[in-house]
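Heads up, target_11.cif below (mmCIF, C-alpha atoms (C1' of nucleotides)):
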data_entry
#
loop_
_atom_site.label_atom_id
_atom_site.label_comp_id
_atom_site.auth_asym_id
_atom_site.auth_seq_id
_atom_site.Cartn_x
_atom_site.Cartn_y
_atom_site.Cartn_z
CA MET A 1 178.82 128.75 102.99
CA LYS A 2 177.87 126.58 100.09
CA GLU A 3 176.51 124.21 102.69
CA THR A 4 174.07 126.63 104.26
CA LEU A 5 173.01 127.79 100.85
CA GLY A 6 172.23 124.21 99.96
CA ALA A 7 170.36 123.64 103.16
CA ALA A 8 168.30 126.79 102.78
CA SER A 9 167.46 125.92 99.23
CA ALA A 10 166.46 122.41 100.18
CA LEU A 11 164.25 123.69 102.97
CA VAL A 12 162.48 126.01 100.59
CA ARG A 13 162.01 123.28 98.05
CA LEU A 14 160.59 120.95 100.64
CA THR A 15 158.22 123.66 101.76
CA PHE A 16 157.11 124.26 98.22
CA LEU A 17 156.52 120.55 97.80
CA VAL A 18 154.54 120.03 100.98
CA GLN A 19 152.59 123.20 100.40
CA ASN A 20 151.51 122.09 96.96
CA LEU A 21 150.46 118.77 98.38
CA TYR A 22 148.53 120.52 101.08
CA VAL A 23 146.64 122.62 98.57
CA GLU A 24 146.02 119.70 96.26
CA VAL A 25 144.69 117.42 98.97
CA GLY A 26 142.59 120.30 100.24
CA ARG A 27 141.04 120.71 96.83
CA GLY A 28 140.12 117.08 96.79
CA CYS A 29 138.17 117.65 100.00
CA ASP A 30 136.72 120.93 98.78
CA LEU A 31 138.77 122.88 101.30
CA THR A 32 140.98 125.89 100.78
CA GLN A 33 144.36 125.88 102.44
CA ALA A 34 143.22 128.33 105.07
CA GLN A 35 140.13 126.30 105.82
CA ALA A 36 142.09 123.07 106.10
CA GLN A 37 144.52 124.69 108.49
CA MET A 38 141.72 125.99 110.60
CA LEU A 39 139.99 122.63 110.77
CA CYS A 40 143.26 121.04 111.86
CA SER A 41 143.52 123.57 114.66
CA LEU A 42 140.06 122.63 115.84
CA SER A 43 140.52 118.89 115.63
CA ASP A 44 140.55 118.14 119.32
CA ARG A 45 138.69 121.00 120.97
CA SER A 46 136.75 124.22 120.56
CA VAL A 47 138.86 127.35 120.39
CA GLY A 48 138.08 131.02 120.81
CA MET A 49 138.72 133.51 118.04
CA ALA A 50 141.68 135.17 119.71
CA GLU A 51 143.46 131.93 120.44
CA LEU A 52 142.66 130.56 117.02
CA SER A 53 144.07 133.62 115.32
CA GLY A 54 147.24 133.10 117.33
CA MET A 55 147.50 129.48 116.27
CA LEU A 56 147.07 130.33 112.63
CA GLY A 57 149.20 133.45 112.68
CA LEU A 58 146.37 135.66 111.46
CA GLU A 59 144.91 138.95 112.57
CA ARG A 60 141.61 138.62 114.34
CA SER A 61 139.90 140.56 111.60
CA SER A 62 141.12 138.06 109.03
CA LEU A 63 139.77 135.20 111.03
CA THR A 64 136.26 136.60 111.18
CA GLY A 65 135.77 136.14 107.47
CA LEU A 66 137.43 132.75 107.44
CA VAL A 67 135.08 131.48 110.12
CA ASP A 68 132.13 133.13 108.38
CA ARG A 69 132.78 131.26 105.17
CA ALA A 70 133.47 127.98 106.94
CA GLN A 71 130.28 128.38 108.91
CA GLN A 72 128.28 129.06 105.77
CA ARG A 73 129.65 125.84 104.36
CA GLY A 74 128.57 124.02 107.47
CA LEU A 75 132.07 123.09 108.59
CA VAL A 76 132.09 124.90 111.92
CA VAL A 77 129.74 126.73 114.26
CA ARG A 78 130.19 129.63 116.64
CA GLU A 79 129.09 128.76 120.15
CA ASN A 80 128.45 131.12 123.02
CA ASN A 81 130.58 130.97 126.08
CA PRO A 82 128.28 131.12 129.10
CA HIS A 83 131.02 132.61 131.28
CA ASP A 84 131.93 135.45 128.95
CA ARG A 85 129.35 136.96 126.71
CA ARG A 86 131.95 138.59 124.49
CA ALA A 87 133.67 135.36 123.70
CA VAL A 88 132.88 132.83 121.03
CA LYS A 89 134.03 129.28 120.65
CA VAL A 90 134.52 127.85 117.23
CA THR A 91 133.65 124.17 117.00
CA LEU A 92 133.71 121.58 114.25
CA THR A 93 130.39 120.28 113.00
CA ALA A 94 129.95 116.64 112.05
CA GLU A 95 130.51 117.67 108.46
CA GLY A 96 133.62 119.59 109.41
CA THR A 97 134.97 116.63 111.32
CA SER A 98 134.36 114.35 108.39
CA ALA A 99 136.10 116.74 105.98
CA LEU A 100 139.00 117.07 108.37
CA ASN A 101 139.36 113.30 108.65
CA ARG A 102 139.38 112.86 104.92
CA PHE A 103 141.91 115.61 104.55
CA HIS A 104 144.10 114.36 107.33
CA ASP A 105 144.17 110.77 106.13
CA GLU A 106 144.91 111.63 102.56
CA LEU A 107 147.58 114.17 103.45
CA THR A 108 149.28 111.78 105.83
CA ARG A 109 149.30 109.14 103.14
CA ARG A 110 150.79 111.45 100.54
CA LEU A 111 153.36 112.84 102.94
CA SER A 112 154.62 109.49 104.09
CA ASP A 113 155.03 108.58 100.42
CA LEU A 114 157.61 111.35 100.24
CA LEU A 115 159.89 109.51 102.64
CA GLN A 116 159.01 106.04 101.48
CA ASP A 117 162.03 105.59 99.27
CA LEU A 118 164.55 106.33 101.97
CA PRO A 119 166.30 103.42 103.68
CA ALA A 120 164.71 102.75 107.04
CA THR A 121 167.62 103.92 109.13
CA GLU A 122 168.05 107.12 107.21
CA ARG A 123 164.34 107.82 107.33
CA GLU A 124 164.26 107.29 111.04
CA ARG A 125 167.19 109.57 111.63
CA PHE A 126 165.70 112.19 109.38
CA THR A 127 162.38 112.12 111.17
CA ARG A 128 164.08 112.42 114.52
CA THR A 129 166.11 115.43 113.48
CA LEU A 130 163.07 116.95 111.87
CA GLY A 131 161.34 116.63 115.21
CA ARG A 132 164.12 118.53 116.89
CA VAL A 133 164.05 121.32 114.36
CA VAL A 134 160.34 121.90 114.73
CA ALA A 135 160.27 121.25 118.45
CA GLY A 136 159.21 124.78 119.25
CA VAL A 137 156.54 125.03 116.59
CA PRO A 138 152.97 124.56 117.72
CA ALA A 139 151.29 121.62 116.04
CA VAL A 140 148.75 122.81 113.57
CA PHE A 141 148.47 119.30 112.34
CA ALA A 142 147.65 117.13 115.30
CA ASP A 143 149.36 113.77 115.77
CA MET B 1 151.98 103.81 111.96
CA LYS B 2 152.73 106.15 114.79
CA GLU B 3 155.99 106.78 113.01
CA THR B 4 154.49 107.96 109.75
CA LEU B 5 152.01 110.09 111.61
CA GLY B 6 154.83 111.76 113.43
CA ALA B 7 156.78 112.27 110.25
CA ALA B 8 153.81 113.77 108.46
CA SER B 9 153.10 116.09 111.33
CA ALA B 10 156.69 117.20 111.51
CA LEU B 11 156.76 117.87 107.79
CA VAL B 12 153.69 120.04 108.06
CA ARG B 13 155.08 121.92 111.01
CA LEU B 14 158.32 122.55 109.20
CA THR B 15 156.41 123.80 106.21
CA PHE B 16 154.37 126.09 108.40
CA LEU B 17 157.55 127.41 109.95
CA VAL B 18 159.42 128.04 106.71
CA GLN B 19 156.35 129.51 105.10
CA ASN B 20 155.90 132.02 107.89
CA LEU B 21 159.55 132.94 107.59
CA TYR B 22 159.15 133.35 103.87
CA VAL B 23 156.22 135.69 104.28
CA GLU B 24 157.89 137.64 107.04
CA VAL B 25 161.14 138.16 105.18
CA GLY B 26 159.12 139.07 102.11
CA ARG B 27 157.33 141.75 104.05
CA GLY B 28 160.63 143.21 105.13
CA CYS B 29 161.51 143.60 101.46
CA ASP B 30 158.03 144.85 100.54
CA LEU B 31 157.31 141.68 98.59
CA THR B 32 154.33 139.39 98.78
CA GLN B 33 154.98 135.70 98.87
CA ALA B 34 153.91 135.27 95.28
CA GLN B 35 156.14 138.12 94.16
CA ALA B 36 159.12 136.77 96.04
CA GLN B 37 158.63 133.37 94.49
CA MET B 38 158.42 134.86 91.07
CA LEU B 39 161.56 136.91 91.52
CA CYS B 40 163.40 133.78 92.65
CA SER B 41 162.31 132.02 89.48
CA LEU B 42 163.73 134.85 87.42
CA SER B 43 167.02 135.14 89.26
CA ASP B 44 169.28 133.81 86.57
CA ARG B 45 167.44 134.36 83.32
CA SER B 46 164.40 135.75 81.54
CA VAL B 47 161.47 133.40 81.32
CA GLY B 48 158.34 133.32 79.18
CA MET B 49 154.90 133.44 80.72
CA ALA B 50 154.03 129.85 79.95
CA GLU B 51 157.23 128.47 81.40
CA LEU B 52 157.01 130.73 84.40
CA SER B 53 153.49 129.63 85.19
CA GLY B 54 154.74 126.07 85.08
CA MET B 55 157.57 126.83 87.49
CA LEU B 56 155.26 128.49 89.94
CA GLY B 57 152.41 126.05 89.56
CA LEU B 58 149.94 128.72 88.48
CA GLU B 59 147.46 129.08 85.67
CA ARG B 60 148.59 131.44 82.99
CA SER B 61 145.71 133.74 83.70
CA SER B 62 146.85 134.05 87.31
CA LEU B 63 150.33 134.94 86.22
CA THR B 64 149.21 137.83 84.05
CA GLY B 65 148.04 139.79 87.06
CA LEU B 66 151.05 138.85 89.14
CA VAL B 67 153.40 140.15 86.45
CA ASP B 68 151.22 143.22 85.98
CA ARG B 69 151.52 144.20 89.60
CA ALA B 70 155.22 143.43 89.77
CA GLN B 71 155.77 145.48 86.64
CA GLN B 72 153.85 148.41 88.08
CA ARG B 73 156.13 148.25 91.09
CA GLY B 74 159.14 148.31 88.82
CA LEU B 75 160.38 144.85 89.77
CA VAL B 76 160.17 143.23 86.34
CA VAL B 77 159.57 144.15 82.73
CA ARG B 78 157.98 142.34 79.82
CA GLU B 79 160.29 142.11 76.85
CA ASN B 80 159.39 141.22 73.31
CA ASN B 81 160.79 138.12 71.77
CA PRO B 82 162.04 139.04 68.30
CA HIS B 83 161.55 135.49 67.04
CA ASP B 84 157.95 135.10 68.19
CA ARG B 85 155.74 138.11 68.39
CA ARG B 86 153.22 136.33 70.59
CA ALA B 87 155.75 135.54 73.26
CA VAL B 88 156.89 137.68 76.11
CA LYS B 89 159.92 137.36 78.31
CA VAL B 90 159.73 138.47 81.88
CA THR B 91 162.98 139.97 83.15
CA LEU B 92 164.14 141.41 86.43
CA THR B 93 164.84 145.12 86.55
CA ALA B 94 167.74 146.49 88.57
CA GLU B 95 165.28 147.21 91.33
CA GLY B 96 163.87 143.72 91.12
CA THR B 97 167.34 142.23 91.31
CA SER B 98 168.15 144.30 94.34
CA ALA B 99 164.94 143.29 96.09
CA LEU B 100 165.60 139.67 95.26
CA ASN B 101 169.12 139.85 96.65
CA ARG B 102 167.93 141.38 99.89
CA PHE B 103 165.22 138.77 100.17
CA HIS B 104 167.51 135.91 99.34
CA ASP B 105 170.23 136.91 101.75
CA GLU B 106 167.91 137.50 104.64
CA LEU B 107 165.95 134.33 104.05
CA THR B 108 169.09 132.25 103.78
CA ARG B 109 170.32 133.72 107.01
CA ARG B 110 167.10 133.02 108.84
CA LEU B 111 166.81 129.52 107.45
CA SER B 112 170.29 128.48 108.39
CA ASP B 113 169.54 129.72 111.89
CA LEU B 114 166.93 127.00 112.06
CA LEU B 115 169.57 124.31 111.80
CA GLN B 116 172.22 126.13 113.74
CA ASP B 117 171.61 124.35 117.00
CA LEU B 118 172.06 120.89 115.58
CA PRO B 119 175.37 119.12 116.08
CA ALA B 120 177.45 119.37 112.94
CA THR B 121 177.23 115.72 112.03
CA GLU B 122 173.51 115.55 112.50
CA ARG B 123 173.01 118.73 110.55
CA GLU B 124 175.07 117.42 107.70
CA ARG B 125 173.20 114.16 107.57
CA PHE B 126 169.89 115.96 107.74
CA THR B 127 170.79 118.25 104.90
CA ARG B 128 171.91 115.36 102.78
CA THR B 129 168.70 113.43 103.32
CA LEU B 130 166.71 116.56 102.71
CA GLY B 131 168.47 116.86 99.40
CA ARG B 132 167.42 113.36 98.46
CA VAL B 133 163.81 113.96 99.38
CA VAL B 134 163.51 117.08 97.27
CA ALA B 135 165.68 115.76 94.47
CA GLY B 136 162.86 115.83 91.98
CA VAL B 137 161.55 119.26 92.90
CA PRO B 138 162.51 122.11 90.63
CA ALA B 139 164.52 124.76 92.41
CA VAL B 140 162.45 127.85 92.88
CA PHE B 141 165.09 129.20 95.17
CA ALA B 142 168.30 129.09 93.23
CA ASP B 143 171.51 127.95 94.89
"C1'" DC C 1 146.02 128.96 52.24
"C1'" DA C 2 142.96 126.94 55.97
"C1'" DA C 3 142.94 124.72 60.28
"C1'" DA C 4 144.91 123.58 64.43
"C1'" DT C 5 148.01 125.05 67.94
"C1'" DT C 6 150.39 128.17 70.96
"C1'" DA C 7 151.12 132.43 73.85
"C1'" DC C 8 149.11 135.50 76.36
"C1'" DT C 9 145.21 138.63 78.06
"C1'" DT C 10 140.56 139.91 79.70
"C1'" DC C 11 136.73 139.33 82.60
"C1'" DG C 12 133.99 137.80 86.38
"C1'" DT C 13 134.01 135.45 90.75
"C1'" DG C 14 135.50 134.28 95.19
"C1'" DC C 15 138.86 133.77 98.86
"C1'" DC C 16 142.29 135.75 101.86
"C1'" DA C 17 144.73 139.15 104.69
"C1'" DC C 18 145.59 143.54 106.63
"C1'" DG C 19 144.77 147.78 109.59
"C1'" DA C 20 141.74 151.23 111.52
"C1'" DA C 21 137.68 152.04 113.82
"C1'" DC C 22 133.94 150.32 116.60
"C1'" DA C 23 130.70 147.90 120.08
"C1'" DA C 24 130.11 144.96 123.84
"C1'" DT C 25 131.70 142.98 127.92
"C1'" DC C 26 134.67 142.11 131.73
"C1'" DA C 27 137.92 143.05 135.64
"C1'" DC C 28 139.48 145.92 138.92
"C1'" DA C 29 140.23 149.69 141.75
"C1'" DA C 30 138.89 154.01 143.96
"C1'" DT D 1 129.13 151.43 142.77
"C1'" DT D 2 131.12 153.58 139.20
"C1'" DG D 3 134.71 154.68 136.32
"C1'" DT D 4 138.62 153.18 133.62
"C1'" DG D 5 141.26 150.31 130.97
"C1'" DA D 6 141.81 145.87 128.84
"C1'" DT D 7 139.92 142.13 126.13
"C1'" DT D 8 136.81 139.91 122.59
"C1'" DG D 9 135.14 139.98 118.46
"C1'" DT D 10 133.13 142.46 114.23
"C1'" DT D 11 132.73 145.80 110.30
"C1'" DC D 12 134.61 148.26 106.55
"C1'" DG D 13 137.65 149.54 102.93
"C1'" DT D 14 141.61 148.21 100.24
"C1'" DG D 15 144.53 145.26 97.73
"C1'" DG D 16 146.50 140.85 96.32
"C1'" DC D 17 145.94 136.15 94.62
"C1'" DA D 18 143.98 132.31 91.97
"C1'" DC D 19 140.77 130.11 89.04
"C1'" DG D 20 138.21 129.03 84.59
"C1'" DA D 21 135.93 130.45 80.39
"C1'" DA D 22 136.33 133.10 76.53
"C1'" DG D 23 138.86 135.92 73.38
"C1'" DT D 24 142.94 137.86 70.33
"C1'" DA D 25 146.99 137.55 67.80
"C1'" DA D 26 150.74 135.04 65.79
"C1'" DT D 27 152.80 130.72 64.40
"C1'" DT D 28 152.85 126.13 62.62
"C1'" DT D 29 151.20 122.43 60.02
"C1'" DG D 30 149.00 119.82 56.49
#

Represent the structure from my file as structure tokens, please.
Amino acid sequence: MKETLGAASALVRLTFLVQNLYVEVGRGCDLTQAQAQMLCSLSDRSVGMAELSGMLGLERSSLTGLVDRAQQRGLVVRENNPHDRRAVKVTLTAEGTSALNRFHDELTRRLSDLLQDLPATERERFTRTLGRVVAGVPAVFAD
Amino acid sequence: MKETLGAASALVRLTFLVQNLYVEVGRGCDLTQAQAQMLCSLSDRSVGMAELSGMLGLERSSLTGLVDRAQQRGLVVRENNPHDRRAVKVTLTAEGTSALNRFHDELTRRLSDLLQDLPATERERFTRTLGRVVAGVPAVFAD
DNA sequence: CAAATTACTTCGTGCCACGAACAATCACAA
DNA sequence: TTGTGATTGTTCGTGGCACGAAGTAATTTG
């Protein structure tokens, strides 16, 4: 019992840590957390509003405003879908891509620092297990 | 390089996962994420505003409103410090304690489910390494 | 006692998220 | 073809969260 308590606590602490990093790196790129997450979800392709809201775990109505603000900042654009006039595809602009790259690189750097002090074998094992634990989670942060 | 990329991605996914759990369990207890975090920070003792803002990584001005709303909901109270009339101590009410306990129990349950499928040895190793990684992080979620 | 420091609050701004209600479009079946 | 129902996305109102600048009150320090 003490063991699961410890594990749960450690998971929460790790989350707190990574989350703070996420926000901090985002700030450095002039991105809010929500914006950074959205850009990550758009890194490799255009995505419709419904699918995007699913990826981010948001209601569609929440996403509208998020995309609005990102569009006003020139990070993304809404594109028409010729096959379905209801649908919209959200796409990164050049500026959005550049912001995403800066964010991604810096975050990756800071995150790998977290594990840097572990012995190689332990780090490797840890990463492998981590992969198993999150196997079912969709990648918001593309490899 | 591929290795650190994978590790960073896995860390972000895990964070996403735990965070969603946190929010979801919070909702079940009628707590926002910020409120739940605050209650966790108050679990074992009363804390002043300045110290609390440090624990939560918030500006003091942000904390004022957070405590206001929690107080209006009857989760915490502000108590006077007899030795320093400027200072305030934030303390859980009975209702706040009860909400925290429900939140804590449910979250712990759900979090340990995450690791449940791992073989015992691997789980143990993972938890131990996790402990090392977060060693320096203050515990927002008390053991 | 005067000045600097500390603890906290107020105010204005902006972002984020939700749910209910709505408009437009599409798919399909009678 | 024409309903009918589902899907896509938006608007609107409400509330919470976080920041920084500026302010108040009490304490400490020289």

Can I get the residues of chain B within 10 Å of chain A, each with the closest pair of atoms and their distance in Å to one decimal, using only C-alpha atoms, sorted chain first then ascending number, as CSV?
residue,atom,partner,partner_atom,distance
B:Lys2,CA,A:Asp143,CA,8.4
B:Glu3,CA,A:Glu124,CA,8.5
B:Thr4,CA,A:Ser112,CA,5.9
B:Leu5,CA,A:Asp143,CA,6.2
B:Gly6,CA,A:Asp143,CA,6.3
B:Ala7,CA,A:Thr127,CA,5.7
B:Ala8,CA,A:Thr108,CA,5.6
B:Ser9,CA,A:Phe141,CA,5.7
B:Ala10,CA,A:Gly131,CA,6.0
B:Leu11,CA,A:Val18,CA,7.5
B:Val12,CA,A:Phe141,CA,6.8
B:Arg13,CA,A:Ala139,CA,6.3
B:Leu14,CA,A:Val134,CA,5.9
B:Thr15,CA,A:Thr15,CA,4.8
B:Phe16,CA,A:Thr15,CA,8.1
B:Leu17,CA,A:Val137,CA,7.1
B:Val18,CA,A:Thr15,CA,6.7
B:Gln19,CA,A:Thr15,CA,7.0
B:Asn20,CA,A:Gly57,CA,8.4
B:Tyr22,CA,A:Val12,CA,8.7
B:Gln37,CA,A:Phe16,CA,10.0
B:Leu56,CA,A:Phe16,CA,9.5
B:Gly57,CA,A:Asn20,CA,8.4
B:His104,CA,A:Ala8,CA,9.8
B:Asp105,CA,A:Leu5,CA,9.6
B:Leu107,CA,A:Ala8,CA,8.0
B:Thr108,CA,A:Ala8,CA,5.6
B:Arg109,CA,A:Ala8,CA,8.4
B:Arg110,CA,A:Ala8,CA,8.8
B:Leu111,CA,A:Ala8,CA,5.6
B:Ser112,CA,A:Thr4,CA,5.9
B:Asp113,CA,A:Thr4,CA,9.4
B:Leu114,CA,A:Val133,CA,6.8
B:Leu115,CA,A:Val133,CA,6.8
B:Gln116,CA,A:Val133,CA,9.5
B:Asp117,CA,A:Val133,CA,8.6
B:Leu118,CA,A:Val133,CA,8.1
B:Glu122,CA,A:Thr129,CA,7.5
B:Arg123,CA,A:Thr129,CA,8.2
B:Glu124,CA,A:Glu3,CA,8.6
B:Arg125,CA,A:Phe126,CA,8.0
B:Phe126,CA,A:Phe126,CA,5.9
B:Thr127,CA,A:Ala7,CA,5.7
B:Arg128,CA,A:Ala7,CA,8.4
B:Thr129,CA,A:Phe126,CA,6.9
B:Leu130,CA,A:Ala10,CA,6.4
B:Gly131,CA,A:Ala10,CA,6.0
B:Arg132,CA,A:Leu118,CA,8.4
B:Val133,CA,A:Leu115,CA,6.8
B:Val134,CA,A:Leu14,CA,5.9
B:Ala135,CA,A:Ala10,CA,8.8
B:Gly136,CA,A:Arg13,CA,9.6
B:Val137,CA,A:Arg13,CA,6.5
B:Pro138,CA,A:Arg13,CA,7.5
B:Ala139,CA,A:Arg13,CA,6.3
B:Val140,CA,A:Arg13,CA,6.9
B:Phe141,CA,A:Ser9,CA,5.7
B:Ala142,CA,A:Ser9,CA,6.8
B:Asp143,CA,A:Leu5,CA,6.1

If you take all atoms listed in the file and a cut-off of 8 Å, which residues of chain A touch chain D, and what are their nearest atom pairs and distances in Å to one decimal, in chain and number order, as a tab-separated table?
residue	atom	partner	partner_atom	distance
A:Met49	CA	D:DG9	C1'	7.4
A:Ala50	CA	D:DT8	C1'	7.4
A:Arg60	CA	D:DG9	C1'	7.8
A:Ser61	CA	D:DT10	C1'	7.5
A:Thr64	CA	D:DT10	C1'	7.3
A:Arg86	CA	D:DT8	C1'	5.4
A:Ala87	CA	D:DT8	C1'	5.6
A:Val88	CA	D:DG9	C1'	7.9

Separation of atom C1' of C:DG19 from atom CA of A:Val67, in Å and rounded to one decimal:
19.0 Å

Using only C-alpha atoms (C1' of nucleotides), tabulate the residues of chain C lying at most 12 Å from any atom of chain B, each with its closest atom pair and that distance in Å to one decimal, by chain and increasing residue number, as CSV.
residue,atom,partner,partner_atom,distance
C:DT6,C1',B:Arg86,CA,8.6
C:DA7,C1',B:Arg86,CA,5.5
C:DC8,C1',B:Arg86,CA,7.1
C:DT9,C1',B:Thr64,CA,7.2
C:DT10,C1',B:Ser61,CA,9.0
C:DC11,C1',B:Ser61,CA,10.6
C:DA17,C1',B:Thr32,CA,11.3

Result of fitting chain A on chain B (Cα atoms paired in order), as a short mmCIF file (atom, residue, chain, number, x, y, z; two decimals) with C-alpha atoms, keeping the file's coordinate frame:
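Written out: selection.cif:
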data_model
loop_
_atom_site.label_atom_id
_atom_site.label_comp_id
_atom_site.auth_asym_id
_atom_site.auth_seq_id
_atom_site.Cartn_x
_atom_site.Cartn_y
_atom_site.Cartn_z
CA MET A 1 151.93 103.83 111.95
CA LYS A 2 152.67 106.19 114.76
CA GLU A 3 155.95 106.79 113.00
CA THR A 4 154.48 107.98 109.73
CA LEU A 5 152.00 110.09 111.60
CA GLY A 6 154.87 111.74 113.41
CA ALA A 7 156.79 112.27 110.23
CA ALA A 8 153.82 113.76 108.42
CA SER A 9 153.10 116.05 111.30
CA ALA A 10 156.70 117.17 111.49
CA LEU A 11 156.79 117.86 107.77
CA VAL A 12 153.71 120.01 108.04
CA ARG A 13 155.09 121.89 110.98
CA LEU A 14 158.34 122.54 109.19
CA THR A 15 156.42 123.80 106.20
CA PHE A 16 154.38 126.09 108.37
CA LEU A 17 157.57 127.40 109.93
CA VAL A 18 159.44 128.04 106.71
CA GLN A 19 156.36 129.50 105.10
CA ASN A 20 155.92 132.01 107.88
CA LEU A 21 159.54 132.96 107.59
CA TYR A 22 159.16 133.35 103.88
CA VAL A 23 156.22 135.70 104.29
CA GLU A 24 157.89 137.65 107.06
CA VAL A 25 161.13 138.17 105.19
CA GLY A 26 159.12 139.09 102.12
CA ARG A 27 157.32 141.77 104.08
CA GLY A 28 160.60 143.22 105.15
CA CYS A 29 161.50 143.63 101.49
CA ASP A 30 158.04 144.87 100.57
CA LEU A 31 157.32 141.71 98.62
CA THR A 32 154.33 139.41 98.79
CA GLN A 33 154.98 135.71 98.88
CA ALA A 34 153.92 135.30 95.28
CA GLN A 35 156.14 138.14 94.16
CA ALA A 36 159.14 136.79 96.04
CA GLN A 37 158.65 133.39 94.49
CA MET A 38 158.43 134.88 91.07
CA LEU A 39 161.58 136.93 91.52
CA CYS A 40 163.41 133.81 92.65
CA SER A 41 162.32 132.06 89.48
CA LEU A 42 163.75 134.88 87.42
CA SER A 43 167.02 135.17 89.27
CA ASP A 44 169.28 133.82 86.58
CA ARG A 45 167.44 134.38 83.31
CA SER A 46 164.40 135.76 81.55
CA VAL A 47 161.45 133.40 81.34
CA GLY A 48 158.33 133.33 79.22
CA MET A 49 154.89 133.43 80.76
CA ALA A 50 154.04 129.82 80.00
CA GLU A 51 157.25 128.46 81.45
CA LEU A 52 157.03 130.75 84.43
CA SER A 53 153.51 129.64 85.21
CA GLY A 54 154.78 126.07 85.12
CA MET A 55 157.59 126.85 87.53
CA LEU A 56 155.27 128.52 89.97
CA GLY A 57 152.43 126.06 89.60
CA LEU A 58 149.97 128.73 88.52
CA GLU A 59 147.50 129.07 85.69
CA ARG A 60 148.63 131.42 82.98
CA SER A 61 145.73 133.72 83.72
CA SER A 62 146.87 134.04 87.32
CA LEU A 63 150.34 134.95 86.25
CA THR A 64 149.21 137.83 84.08
CA GLY A 65 148.04 139.81 87.07
CA LEU A 66 151.06 138.88 89.14
CA VAL A 67 153.40 140.16 86.46
CA ASP A 68 151.23 143.24 85.97
CA ARG A 69 151.53 144.22 89.60
CA ALA A 70 155.23 143.45 89.75
CA GLN A 71 155.78 145.50 86.63
CA GLN A 72 153.86 148.42 88.07
CA ARG A 73 156.14 148.27 91.08
CA GLY A 74 159.14 148.33 88.80
CA LEU A 75 160.39 144.88 89.75
CA VAL A 76 160.18 143.25 86.33
CA VAL A 77 159.57 144.16 82.70
CA ARG A 78 157.96 142.34 79.81
CA GLU A 79 160.28 142.10 76.83
CA ASN A 80 159.39 141.17 73.29
CA ASN A 81 160.79 138.06 71.76
CA PRO A 82 161.99 138.94 68.26
CA HIS A 83 161.53 135.35 67.06
CA ASP A 84 157.94 134.97 68.22
CA ARG A 85 155.67 137.94 68.35
CA ARG A 86 153.20 136.18 70.62
CA ALA A 87 155.74 135.47 73.27
CA VAL A 88 156.90 137.65 76.11
CA LYS A 89 159.92 137.35 78.32
CA VAL A 90 159.74 138.48 81.87
CA THR A 91 162.98 139.97 83.15
CA LEU A 92 164.14 141.42 86.43
CA THR A 93 164.85 145.13 86.56
CA ALA A 94 167.74 146.51 88.58
CA GLU A 95 165.26 147.24 91.33
CA GLY A 96 163.87 143.73 91.12
CA THR A 97 167.33 142.25 91.31
CA SER A 98 168.15 144.33 94.34
CA ALA A 99 164.92 143.31 96.10
CA LEU A 100 165.59 139.69 95.25
CA ASN A 101 169.11 139.88 96.67
CA ARG A 102 167.91 141.40 99.89
CA PHE A 103 165.21 138.80 100.18
CA HIS A 104 167.49 135.93 99.34
CA ASP A 105 170.22 136.93 101.77
CA GLU A 106 167.90 137.52 104.65
CA LEU A 107 165.93 134.34 104.06
CA THR A 108 169.07 132.26 103.79
CA ARG A 109 170.31 133.73 107.03
CA ARG A 110 167.08 133.02 108.86
CA LEU A 111 166.80 129.53 107.45
CA SER A 112 170.29 128.49 108.38
CA ASP A 113 169.53 129.71 111.90
CA LEU A 114 166.90 126.99 112.05
CA LEU A 115 169.54 124.29 111.79
CA GLN A 116 172.20 126.11 113.73
CA ASP A 117 171.60 124.32 117.00
CA LEU A 118 172.04 120.86 115.58
CA PRO A 119 175.36 119.09 116.08
CA ALA A 120 177.44 119.32 112.93
CA THR A 121 177.22 115.67 112.00
CA GLU A 122 173.49 115.51 112.49
CA ARG A 123 172.99 118.70 110.53
CA GLU A 124 175.06 117.41 107.69
CA ARG A 125 173.19 114.15 107.55
CA PHE A 126 169.89 115.94 107.71
CA THR A 127 170.79 118.26 104.87
CA ARG A 128 171.92 115.35 102.75
CA THR A 129 168.71 113.43 103.27
CA LEU A 130 166.71 116.56 102.69
CA GLY A 131 168.47 116.87 99.36
CA ARG A 132 167.41 113.38 98.42
CA VAL A 133 163.81 113.97 99.35
CA VAL A 134 163.52 117.09 97.24
CA ALA A 135 165.70 115.80 94.44
CA GLY A 136 162.88 115.86 91.94
CA VAL A 137 161.57 119.28 92.87
CA PRO A 138 162.55 122.14 90.62
CA ALA A 139 164.52 124.81 92.44
CA VAL A 140 162.43 127.88 92.90
CA PHE A 141 165.08 129.19 95.17
CA ALA A 142 168.33 129.14 93.27
CA ASP A 143 171.53 127.96 94.94
#

As AutoDock Vina command-line options, please report the centre and edge lengths, rounded to one decimal in Å, of the axis-aligned box that holds all listed atoms of stretch 109-120 of chain B with 8 Å of padding on each of the six sides.
--center_x 172.1 --center_y 126.4 --center_z 112.0 --size_x 26.6 --size_y 30.6 --size_z 26.0
